[in-house]
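File shown here: coords-v7.cif, holding mmCIF, C-alpha atoms (C1' of nucleotides).
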data_work
loop_
_atom_site.label_atom_id
_atom_site.label_comp_id
_atom_site.auth_asym_id
_atom_site.auth_seq_id
_atom_site.Cartn_x
_atom_site.Cartn_y
_atom_site.Cartn_z
CA MET N 1 -52.21 44.24 76.30
CA ILE N 2 -48.75 43.00 75.60
CA SER N 3 -45.86 45.33 74.85
CA SER N 4 -43.43 44.93 72.02
CA SER N 5 -40.53 44.53 74.44
CA GLN N 6 -42.35 41.88 76.44
CA LEU N 7 -42.74 39.87 73.29
CA SER N 8 -39.09 40.38 72.46
CA GLN N 9 -38.21 38.86 75.78
CA THR N 10 -40.25 35.77 75.00
CA MET N 11 -38.78 35.47 71.53
CA ARG N 12 -35.27 35.91 72.80
CA HIS N 13 -35.78 33.14 75.30
CA PHE N 14 -37.11 30.80 72.67
CA MET N 15 -34.34 31.69 70.26
CA ASP N 16 -31.75 30.92 72.90
CA ILE N 17 -33.10 27.42 73.16
CA VAL N 18 -33.25 26.94 69.42
CA MET N 19 -29.72 28.23 68.99
CA HIS N 20 -28.36 26.11 71.78
CA HIS N 21 -29.86 23.03 70.27
CA SER N 22 -29.02 23.84 66.68
CA MET N 23 -25.40 24.55 67.41
CA ARG N 24 -24.96 21.11 68.90
CA GLU N 25 -26.60 19.46 65.92
CA ARG N 26 -24.55 21.52 63.59
CA SER N 27 -21.13 20.71 64.97
CA HIS N 28 -22.07 17.08 65.35
CA LEU N 29 -23.23 16.91 61.77
CA ALA N 30 -20.13 18.61 60.44
CA LYS N 31 -17.97 16.19 62.35
CA THR N 32 -19.67 13.03 61.15
CA VAL N 33 -19.46 14.08 57.53
CA GLY N 34 -15.92 15.36 57.81
CA ILE N 35 -16.58 18.96 56.90
CA SER N 36 -15.41 21.99 58.89
CA MET N 37 -17.72 24.53 60.50
CA PRO N 38 -16.70 27.39 58.20
CA GLN N 39 -17.34 25.15 55.23
CA LEU N 40 -20.72 24.18 56.62
CA GLY N 41 -21.55 27.84 57.06
CA ILE N 42 -20.79 28.52 53.43
CA LEU N 43 -22.81 25.52 52.34
CA MET N 44 -25.80 26.88 54.22
CA GLN N 45 -25.27 30.31 52.76
CA ILE N 46 -25.34 28.91 49.25
CA HIS N 47 -28.40 26.92 50.17
CA PHE N 48 -30.18 30.11 51.18
CA HIS N 49 -28.83 32.27 48.40
CA GLU N 50 -28.58 30.44 45.12
CA ASN N 51 -26.28 31.81 42.45
CA CYS N 52 -24.32 33.85 44.93
CA GLY N 53 -20.70 34.80 44.31
CA ILE N 54 -17.43 34.75 46.23
CA SER N 55 -17.86 38.33 47.37
CA ASP N 56 -21.24 37.58 48.88
CA ILE N 57 -19.57 34.97 51.02
CA SER N 58 -16.67 37.12 52.12
CA ASP N 59 -19.15 39.86 53.00
CA ARG N 60 -21.38 37.55 54.98
CA PHE N 61 -18.66 35.93 57.03
CA ASP N 62 -16.45 38.96 57.24
CA ILE N 63 -13.44 37.29 55.70
CA THR N 64 -11.28 38.22 52.71
CA ASN N 65 -12.05 37.15 49.16
CA ALA N 66 -8.97 34.98 49.29
CA ALA N 67 -10.26 33.03 52.28
CA ALA N 68 -13.69 32.64 50.73
CA SER N 69 -12.21 31.44 47.48
CA GLN N 70 -10.12 28.82 49.24
CA LEU N 71 -12.99 27.50 51.31
CA VAL N 72 -15.25 27.37 48.30
CA ASP N 73 -12.58 25.46 46.48
CA LYS N 74 -12.62 22.75 49.11
CA LEU N 75 -16.35 22.38 48.81
CA VAL N 76 -16.01 22.16 45.04
CA GLN N 77 -13.35 19.47 45.40
CA ASN N 78 -15.76 17.68 47.69
CA SER N 79 -18.42 17.85 44.96
CA LEU N 80 -20.79 19.57 47.35
CA ILE N 81 -21.09 22.73 45.28
CA GLN N 82 -20.38 23.82 41.74
CA ARG N 83 -18.68 27.01 40.61
CA GLU N 84 -19.46 28.32 37.16
CA GLU N 85 -18.85 31.52 35.31
CA ASP N 86 -21.56 34.13 35.35
CA PRO N 87 -22.52 34.67 31.69
CA HIS N 88 -23.50 38.27 32.40
CA ASP N 89 -20.23 39.12 34.10
CA ARG N 90 -17.41 36.83 33.26
CA ARG N 91 -15.33 37.93 36.24
CA ALA N 92 -17.96 36.67 38.66
CA LYS N 93 -18.86 33.11 39.64
CA LEU N 94 -22.20 31.48 40.28
CA LEU N 95 -22.11 29.15 43.24
CA ASN N 96 -24.74 26.46 43.63
CA LEU N 97 -25.30 23.17 45.40
CA THR N 98 -24.69 19.98 43.47
CA GLU N 99 -27.02 17.02 43.88
CA LYS N 100 -24.69 15.71 46.54
CA GLY N 101 -24.78 19.08 48.27
CA LYS N 102 -28.57 19.17 48.20
CA GLU N 103 -28.69 15.69 49.61
CA PHE N 104 -26.36 16.77 52.38
CA ILE N 105 -28.54 19.76 53.28
CA LYS N 106 -31.56 17.52 53.27
CA GLN N 107 -29.92 15.12 55.70
CA ALA N 108 -28.84 18.03 57.86
CA THR N 109 -32.36 19.33 57.96
CA GLU N 110 -33.77 15.90 58.74
CA ARG N 111 -31.68 15.75 61.88
CA ARG N 112 -33.11 18.94 63.24
CA TYR N 113 -36.50 17.85 62.02
CA ARG N 114 -36.45 15.05 64.53
CA TRP N 115 -36.02 17.39 67.45
CA VAL N 116 -38.74 19.64 66.15
CA GLU N 117 -41.04 16.64 65.76
CA ASP N 118 -40.41 15.78 69.38
CA VAL N 119 -41.30 19.26 70.50
CA ALA N 120 -44.45 19.25 68.37
CA GLN N 121 -45.37 15.90 69.86
CA LYS N 122 -45.61 17.39 73.30
CA LEU N 123 -48.33 19.81 72.27
CA SER N 124 -52.05 19.34 72.32
CA THR N 125 -54.05 19.63 69.11
CA GLN N 126 -55.22 23.07 69.97
CA GLU N 127 -51.75 24.23 70.94
CA ARG N 128 -50.39 23.04 67.62
CA GLU N 129 -52.93 25.09 65.78
CA GLN N 130 -52.01 28.11 67.81
CA VAL N 131 -48.26 27.69 67.46
CA ASN N 132 -48.48 27.04 63.76
CA GLU N 133 -50.35 30.24 63.14
CA ALA N 134 -47.99 32.25 65.29
CA LEU N 135 -44.89 30.93 63.59
CA ASN N 136 -46.30 31.78 60.21
CA ILE N 137 -46.85 35.30 61.38
CA MET N 138 -43.29 35.56 62.63
CA THR N 139 -41.81 34.01 59.56
CA ARG N 140 -43.60 36.49 57.38
CA ALA N 141 -42.43 39.41 59.52
CA ALA N 142 -38.85 38.16 59.55
CA GLN N 143 -38.82 37.73 55.82
CA GLU N 144 -40.22 41.17 55.22
CA LEU N 145 -37.48 42.55 57.39
CA GLU N 146 -34.82 40.59 55.54
CA ALA N 147 -36.06 41.94 52.24
CA GLU N 148 -35.74 45.55 53.37
CA PRO N 149 -32.64 47.52 52.40
CA LEU N 150 -29.79 47.18 54.87
CA MET R 1 -57.09 20.17 62.05
CA ILE R 2 -53.35 20.52 61.78
CA SER R 3 -51.03 17.52 61.79
CA SER R 4 -47.93 17.24 63.88
CA SER R 5 -45.75 17.04 60.78
CA GLN R 6 -47.33 20.11 59.24
CA LEU R 7 -46.41 22.04 62.33
CA SER R 8 -42.90 20.67 62.18
CA GLN R 9 -42.58 22.06 58.71
CA THR R 10 -43.58 25.50 59.91
CA MET R 11 -41.22 25.32 62.84
CA ARG R 12 -38.38 24.14 60.74
CA HIS R 13 -38.84 27.02 58.38
CA PHE R 14 -38.84 29.51 61.19
CA MET R 15 -35.82 27.92 62.80
CA ASP R 16 -33.91 28.15 59.56
CA ILE R 17 -34.41 31.87 59.53
CA VAL R 18 -33.48 32.26 63.16
CA MET R 19 -30.37 30.16 62.68
CA HIS R 20 -29.33 31.98 59.57
CA HIS R 21 -29.60 35.28 61.31
CA SER R 22 -28.06 34.20 64.59
CA MET R 23 -25.03 32.68 62.95
CA ARG R 24 -24.21 35.96 61.28
CA GLU R 25 -24.57 37.86 64.52
CA ARG R 26 -22.50 35.30 66.30
CA SER R 27 -19.52 35.33 64.03
CA HIS R 28 -19.60 39.08 63.77
CA LEU R 29 -19.68 39.42 67.51
CA ALA R 30 -16.85 36.97 68.02
CA LYS R 31 -14.75 38.86 65.53
CA THR R 32 -15.26 42.30 67.02
CA VAL R 33 -14.33 41.11 70.50
CA GLY R 34 -11.42 39.02 69.32
CA ILE R 35 -12.68 35.66 70.49
CA SER R 36 -12.88 32.51 68.35
CA MET R 37 -16.07 30.67 67.50
CA PRO R 38 -15.19 27.58 69.54
CA GLN R 39 -14.44 29.80 72.50
CA LEU R 40 -17.73 31.60 72.05
CA GLY R 41 -19.49 28.25 71.98
CA ILE R 42 -17.95 27.29 75.28
CA LEU R 43 -18.82 30.64 76.77
CA MET R 44 -22.46 30.10 75.81
CA GLN R 45 -22.38 26.59 77.19
CA ILE R 46 -21.15 27.85 80.55
CA HIS R 47 -23.77 30.57 80.42
CA PHE R 48 -26.47 27.92 80.04
CA HIS R 49 -24.97 25.40 82.45
CA GLU R 50 -23.39 27.02 85.47
CA ASN R 51 -20.86 25.05 87.45
CA CYS R 52 -20.19 22.67 84.61
CA GLY R 53 -16.87 20.88 84.24
CA ILE R 54 -14.34 20.24 81.50
CA SER R 55 -15.91 16.89 80.65
CA ASP R 56 -19.30 18.47 80.08
CA ILE R 57 -17.71 20.68 77.49
CA SER R 58 -15.83 17.91 75.72
CA ASP R 59 -19.05 15.89 75.64
CA ARG R 60 -21.08 18.74 74.26
CA PHE R 61 -18.72 19.73 71.50
CA ASP R 62 -17.45 16.28 70.80
CA ILE R 63 -13.82 17.11 71.41
CA THR R 64 -11.22 15.59 73.75
CA ASN R 65 -10.71 16.70 77.32
CA ALA R 66 -7.36 18.05 76.26
CA ALA R 67 -8.91 20.34 73.67
CA ALA R 68 -11.59 21.52 76.09
CA SER R 69 -9.00 22.21 78.76
CA GLN R 70 -6.92 24.30 76.39
CA LEU R 71 -9.86 26.34 75.15
CA VAL R 72 -11.11 26.91 78.66
CA ASP R 73 -7.66 28.08 79.61
CA LYS R 74 -7.78 30.79 76.99
CA LEU R 75 -11.09 32.03 78.30
CA VAL R 76 -9.68 32.05 81.81
CA GLN R 77 -6.67 34.03 80.66
CA ASN R 78 -9.10 36.42 79.04
CA SER R 79 -10.88 36.80 82.42
CA LEU R 80 -14.17 35.78 80.83
CA ILE R 81 -14.64 32.71 83.00
CA GLN R 82 -13.26 31.38 86.27
CA ARG R 83 -12.13 27.86 86.97
CA GLU R 84 -12.22 26.64 90.56
CA GLU R 85 -11.91 23.32 92.28
CA ASP R 86 -15.08 21.42 93.05
CA PRO R 87 -15.08 21.00 96.83
CA HIS R 88 -17.04 17.76 96.53
CA ASP R 89 -14.65 16.20 94.02
CA ARG R 90 -11.26 17.75 93.99
CA ARG R 91 -10.41 16.28 90.60
CA ALA R 92 -13.21 18.23 88.97
CA LYS R 93 -13.48 21.92 88.15
CA LEU R 94 -16.39 24.30 88.40
CA LEU R 95 -16.55 26.66 85.45
CA ASN R 96 -18.48 29.91 85.70
CA LEU R 97 -18.70 33.28 84.05
CA THR R 98 -16.85 36.18 85.62
CA GLU R 99 -18.41 39.61 85.75
CA LYS R 100 -16.65 40.42 82.51
CA GLY R 101 -18.03 37.22 80.99
CA LYS R 102 -21.56 38.04 82.09
CA GLU R 103 -21.23 41.49 80.66
CA PHE R 104 -20.07 39.98 77.39
CA ILE R 105 -23.05 37.62 77.21
CA LYS R 106 -25.33 40.51 77.97
CA GLN R 107 -23.91 42.52 75.10
CA ALA R 108 -24.17 39.50 72.83
CA THR R 109 -27.80 39.10 73.70
CA GLU R 110 -28.49 42.78 73.23
CA ARG R 111 -27.35 42.54 69.64
CA ARG R 112 -29.80 39.83 68.81
CA TYR R 113 -32.38 41.65 70.85
CA ARG R 114 -32.34 44.43 68.33
CA TRP R 115 -33.29 42.13 65.48
CA VAL R 116 -36.01 40.55 67.52
CA GLU R 117 -37.34 43.98 68.41
CA ASP R 118 -37.50 44.79 64.72
CA VAL R 119 -39.48 41.66 63.99
CA ALA R 120 -41.85 42.34 66.88
CA GLN R 121 -42.30 45.86 65.59
CA LYS R 122 -43.78 44.58 62.37
CA LEU R 123 -46.64 42.83 64.15
CA SER R 124 -50.04 44.17 65.08
CA THR R 125 -51.11 44.22 68.69
CA GLN R 126 -53.25 41.18 68.25
CA GLU R 127 -50.51 39.29 66.45
CA ARG R 128 -48.09 40.01 69.26
CA GLU R 129 -50.47 38.58 71.77
CA GLN R 130 -50.84 35.49 69.65
CA VAL R 131 -47.16 35.00 69.00
CA ASN R 132 -46.22 35.57 72.60
CA GLU R 133 -48.58 32.87 73.80
CA ALA R 134 -47.39 30.43 71.17
CA LEU R 135 -43.74 30.94 71.96
CA ASN R 136 -44.37 30.35 75.62
CA ILE R 137 -46.03 27.07 74.73
CA MET R 138 -43.08 26.03 72.60
CA THR R 139 -40.52 27.10 75.13
CA ARG R 140 -42.22 25.03 77.77
CA ALA R 141 -42.37 22.00 75.50
CA ALA R 142 -38.74 22.35 74.49
CA GLN R 143 -37.64 22.66 78.08
CA GLU R 144 -39.59 19.60 79.12
CA LEU R 145 -37.91 17.71 76.34
CA GLU R 146 -34.48 18.94 77.37
CA ALA R 147 -35.09 17.79 80.92
CA GLU R 148 -35.90 14.26 79.84
CA PRO R 149 -33.21 11.58 79.96
CA LEU R 150 -31.07 11.41 76.86
"C1'" DG H 1 -4.99 -0.94 101.12
"C1'" DT H 2 -3.88 -1.76 96.76
"C1'" DA H 3 -5.69 -1.44 92.03
"C1'" DT H 4 -8.38 0.74 88.85
"C1'" DA H 5 -10.93 4.33 86.96
"C1'" DA H 6 -11.96 9.25 86.32
"C1'" DA H 7 -10.98 14.48 85.80
"C1'" DG H 8 -7.79 17.48 84.11
"C1'" DT H 9 -3.36 19.25 82.44
"C1'" DT H 10 0.71 19.67 79.42
"C1'" DA H 11 3.52 19.21 75.23
"C1'" DA H 12 4.40 17.98 70.39
"C1'" DG H 13 2.66 17.87 66.02
"C1'" DC H 14 -0.88 18.04 62.33
"C1'" DT H 15 -4.43 20.37 59.93
"C1'" DC H 16 -7.25 24.06 58.85
"C1'" DT H 17 -8.40 28.84 58.51
"C1'" DC H 18 -7.25 33.29 57.38
"C1'" DT H 19 -4.35 37.18 56.05
"C1'" DT H 20 -1.22 39.68 53.06
"C1'" DA H 21 0.73 40.29 48.64
"C1'" DA H 22 1.16 39.61 43.91
"C1'" DC H 23 -1.41 38.31 40.04
"C1'" DT H 24 -5.09 37.58 35.91
"C1'" DA H 25 -8.97 38.87 33.54
"C1'" DA H 26 -13.10 41.37 32.70
"C1'" DA H 27 -16.02 45.47 33.27
"C1'" DA H 28 -16.69 50.60 33.90
"C1'" DA H 29 -15.16 55.22 33.70
"C1'" DG H 30 -12.74 59.00 31.77
"C1'" DC V 1 -8.83 53.72 23.95
"C1'" DT V 2 -6.57 54.01 27.99
"C1'" DT V 3 -7.18 53.94 33.06
"C1'" DT V 4 -9.17 52.38 36.95
"C1'" DT V 5 -12.27 49.26 39.50
"C1'" DT V 6 -14.07 44.97 40.40
"C1'" DA V 7 -14.18 39.66 40.90
"C1'" DG V 8 -11.64 36.14 41.79
"C1'" DT V 9 -7.31 33.05 42.26
"C1'" DT V 10 -2.81 31.51 44.04
"C1'" DA V 11 1.07 31.04 47.28
"C1'" DA V 12 3.45 31.66 51.69
"C1'" DG V 13 3.22 32.10 56.35
"C1'" DA V 14 1.05 33.11 60.92
"C1'" DG V 15 -2.20 31.48 64.29
"C1'" DA V 16 -5.84 28.52 66.30
"C1'" DG V 17 -7.97 24.15 67.24
"C1'" DC V 18 -7.64 19.49 67.95
"C1'" DT V 19 -5.49 14.90 68.64
"C1'" DT V 20 -2.44 11.60 70.71
"C1'" DA V 21 0.43 10.39 74.43
"C1'" DA V 22 2.33 10.81 78.86
"C1'" DC V 23 1.39 12.52 83.31
"C1'" DT V 24 -0.69 14.11 88.11
"C1'" DT V 25 -4.11 13.90 91.38
"C1'" DT V 26 -8.30 12.34 93.43
"C1'" DA V 27 -12.08 9.11 93.87
"C1'" DT V 28 -13.97 4.41 93.63
"C1'" DA V 29 -13.86 -0.85 93.75
"C1'" DC V 30 -12.47 -5.12 95.35
#

Just give me the structure as structure tokens.
Amino acid sequence: MISSSQLSQTMRHFMDIVMHHSMRERSHLAKTVGISMPQLGILMQIHFHENCGISDISDRFDITNAAASQLVDKLVQNSLIQREEDPHDRRAKLLNLTEKGKEFIKQATERRYRWVEDVAQKLSTQEREQVNEALNIMTRAAQELEAEPL
Amino acid sequence: MISSSQLSQTMRHFMDIVMHHSMRERSHLAKTVGISMPQLGILMQIHFHENCGISDISDRFDITNAAASQLVDKLVQNSLIQREEDPHDRRAKLLNLTEKGKEFIKQATERRYRWVEDVAQKLSTQEREQVNEALNIMTRAAQELEAEPL
DNA sequence: GTATAAAGTTAAGCTCTCTTAACTAAAAAG
DNA sequence: CTTTTTAGTTAAGAGAGCTTAACTTTATAC
């Protein structure tokens, strides 16, 4: 029987590899499209959390509202996101990806997709089955955790 | 039977979550210790590739040798890494973590460890077994891929 | 053995991020 | 209805990263 901490070890190892690879992709991508890493971070945040506001961003990245506002402004000027007034609270803003922004995220994801495809290619049919099931289990667990109160 | 692209989809989804979480941890960590994100990236790179040189870093992050040299210098001044001459090629440098640097990486990993522990906690015994096996398969595949010629 | 290439460093200057401080406007509280 | 929070913006300035350009030192090529 496997312990919870043994599994953590395995996960940690795998995550290290994923992170190491993703970071490279990420900086390379940002560079080719002429967008900075902080801006890319915000773009991803908006991708994950639609209709989020400036404060959500400053919270997430641990920066001031002023900084968040300025970075968001650059993305707006780049037509990657749109910033509209929240009808329910006219102080707040609703940030969302534009079509161009969605296209960008799609391209970004495609890049990583290629690496993932390569990894999947190295597996046997049976292994794929196994891995697929396991990842679904983990994804569900991670999402449940995310949904819990902080 | 599962297709290779179906599996990729699952992997991609999982990776998104891992990335999203890791990025938060990473920037938060960098901030609390007073180190910049680019510097943290280099620290991780040296952690993964011992005895690497300045050029390896400029290649990896797609920056000039000058930039890499300057960033490395800050880490050296911070006693997080050491920079010594390569005895086999006296132009080159061998970059490695100091004890302080290793301790830092350890702490950094511990932080993520906690999240991973939480995810593992949500699984049943049987699921853990399953996930563990699958991650080992993926890790092996990813490492084989990494070892191949670029 | 001279010429060329490679590995790193240093300095000057540009750009970007981020902070503080002062501000506007809307919502909540009293 | 006035006061106080809350959400966000703007401007000025400090600090960090990164680039180009000029340079040193060591290895490689002819």

Within 6 Å of chain R, which residues of chain N show up? Give each one with its shortest atom-to-atom distance in Å (one decimal) and the two atoms involved, counting all atoms listed in the file, rows by chain then rising residue number, as JSON lines.
{"residue": "N:Ser4", "atom": "CA", "partner": "R:Ala120", "partner_atom": "CA", "distance": 6.0}
{"residue": "N:Leu7", "atom": "CA", "partner": "R:Asn132", "partner_atom": "CA", "distance": 5.6}
{"residue": "N:Ser8", "atom": "CA", "partner": "R:Glu117", "partner_atom": "CA", "distance": 5.7}
{"residue": "N:Phe14", "atom": "CA", "partner": "R:Thr139", "partner_atom": "CA", "distance": 5.6}
{"residue": "N:Val116", "atom": "CA", "partner": "R:Ser8", "partner_atom": "CA", "distance": 5.8}
{"residue": "N:Glu117", "atom": "CA", "partner": "R:Ser8", "partner_atom": "CA", "distance": 5.7}
{"residue": "N:Val119", "atom": "CA", "partner": "R:Ala142", "partner_atom": "CA", "distance": 5.7}
{"residue": "N:Val131", "atom": "CA", "partner": "R:Ala134", "partner_atom": "CA", "distance": 4.7}
{"residue": "N:Asn132", "atom": "CA", "partner": "R:Leu7", "partner_atom": "CA", "distance": 5.6}
{"residue": "N:Ala134", "atom": "CA", "partner": "R:Val131", "partner_atom": "CA", "distance": 4.7}
{"residue": "N:Thr139", "atom": "CA", "partner": "R:Phe14", "partner_atom": "CA", "distance": 5.6}
{"residue": "N:Ala141", "atom": "CA", "partner": "R:Val119", "partner_atom": "CA", "distance": 5.8}
{"residue": "N:Ala142", "atom": "CA", "partner": "R:Val119", "partner_atom": "CA", "distance": 5.7}

message = Under the PyMOL selection byres ((chain H) within 10 of (chain R)), which residues of this model are included? Write them out as a ChimeraX atom specification.
response = /H:6-10

Could you give me, as CSV, a per-residue list for chain V showing, wherever an atom lies at most 8 Å from an atom of chain N, the closest pair of atoms and their distance in Å to one decimal, using all atoms listed in the file and sorting by chain then residue number from low to high?
residue,atom,partner,partner_atom,distance
V:DA7,C1',N:Arg91,CA,5.1
V:DG8,C1',N:Arg91,CA,6.9
V:DT9,C1',N:Ser69,CA,7.3

Straight-line distance linking CA of Lys100 (chain R) with CA of Ile81 (chain R), stated in Å to one decimal =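 Here the two named atoms are 8.0 Å from each other.
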
request  = Tell me which residues the PyMOL selection byres ((chain V and resi 13) around 12) grabs here, as an MDAnalysis selection string.
outcome  = (chainID H and resid 18:21) or (chainID V and resid 11:12 14:15)

inquiry  = Could you check the closest approach to Ser36 (chain R) for each of V:DA22, V:DC1, V:DA16, V:DA27 and tell me which residue wins, using only C-alpha atoms (C1' of nucleotides)?
reply    =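 Of the candidates, the smallest distance to Ser36 (chain R) is held by V:DA16.
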
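Distance-wise, CA of Lys74 (chain R) and CA of Ile63 (chain N) end up 23.0 Å apart.
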
Please reconstruct the missing atoms of region 100-111 of chain N (target: N, CA and C atoms) and return them as an mmCIF file, keeping the file's coordinate frame.
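rebuild-v9.cif, written as the output of this step:
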data_model
loop_
_atom_site.group_PDB
_atom_site.id
_atom_site.type_symbol
_atom_site.label_atom_id
_atom_site.label_comp_id
_atom_site.auth_asym_id
_atom_site.auth_seq_id
_atom_site.Cartn_x
_atom_site.Cartn_y
_atom_site.Cartn_z
ATOM 1 N N LYS N 100 -25.260 16.200 45.279
ATOM 2 C CA LYS N 100 -24.690 15.710 46.540
ATOM 3 C C LYS N 100 -24.853 16.747 47.648
ATOM 4 N N GLY N 101 -24.628 18.002 47.295
ATOM 5 C CA GLY N 101 -24.780 19.080 48.270
ATOM 6 C C GLY N 101 -26.212 19.210 48.751
ATOM 7 N N LYS N 102 -27.150 19.085 47.824
ATOM 8 C CA LYS N 102 -28.570 19.170 48.200
ATOM 9 C C LYS N 102 -28.942 18.025 49.119
ATOM 10 N N GLU N 103 -28.424 16.873 48.789
ATOM 11 C CA GLU N 103 -28.690 15.690 49.610
ATOM 12 C C GLU N 103 -28.158 15.897 51.027
ATOM 13 N N PHE N 104 -26.979 16.485 51.080
ATOM 14 C CA PHE N 104 -26.360 16.770 52.380
ATOM 15 C C PHE N 104 -27.234 17.706 53.203
ATOM 16 N N ILE N 105 -27.675 18.796 52.595
ATOM 17 C CA ILE N 105 -28.540 19.760 53.280
ATOM 18 C C ILE N 105 -29.818 19.086 53.753
ATOM 19 N N LYS N 106 -30.328 18.216 52.911
ATOM 20 C CA LYS N 106 -31.560 17.520 53.270
ATOM 21 C C LYS N 106 -31.353 16.670 54.529
ATOM 22 N N GLN N 107 -30.257 15.945 54.528
ATOM 23 C CA GLN N 107 -29.920 15.120 55.700
ATOM 24 C C GLN N 107 -29.759 15.994 56.940
ATOM 25 N N ALA N 108 -29.073 17.113 56.742
ATOM 26 C CA ALA N 108 -28.840 18.030 57.860
ATOM 27 C C ALA N 108 -30.158 18.512 58.425
ATOM 28 N N THR N 109 -31.067 18.816 57.535
ATOM 29 C CA THR N 109 -32.360 19.330 57.960
ATOM 30 C C THR N 109 -33.167 18.241 58.653
ATOM 31 N N GLU N 110 -33.066 17.036 58.140
ATOM 32 C CA GLU N 110 -33.770 15.900 58.740
ATOM 33 C C GLU N 110 -33.417 15.738 60.218
ATOM 34 N N ARG N 111 -32.150 15.923 60.499
ATOM 35 C CA ARG N 111 -31.680 15.750 61.880
ATOM 36 C C ARG N 111 -32.414 16.699 62.815
#
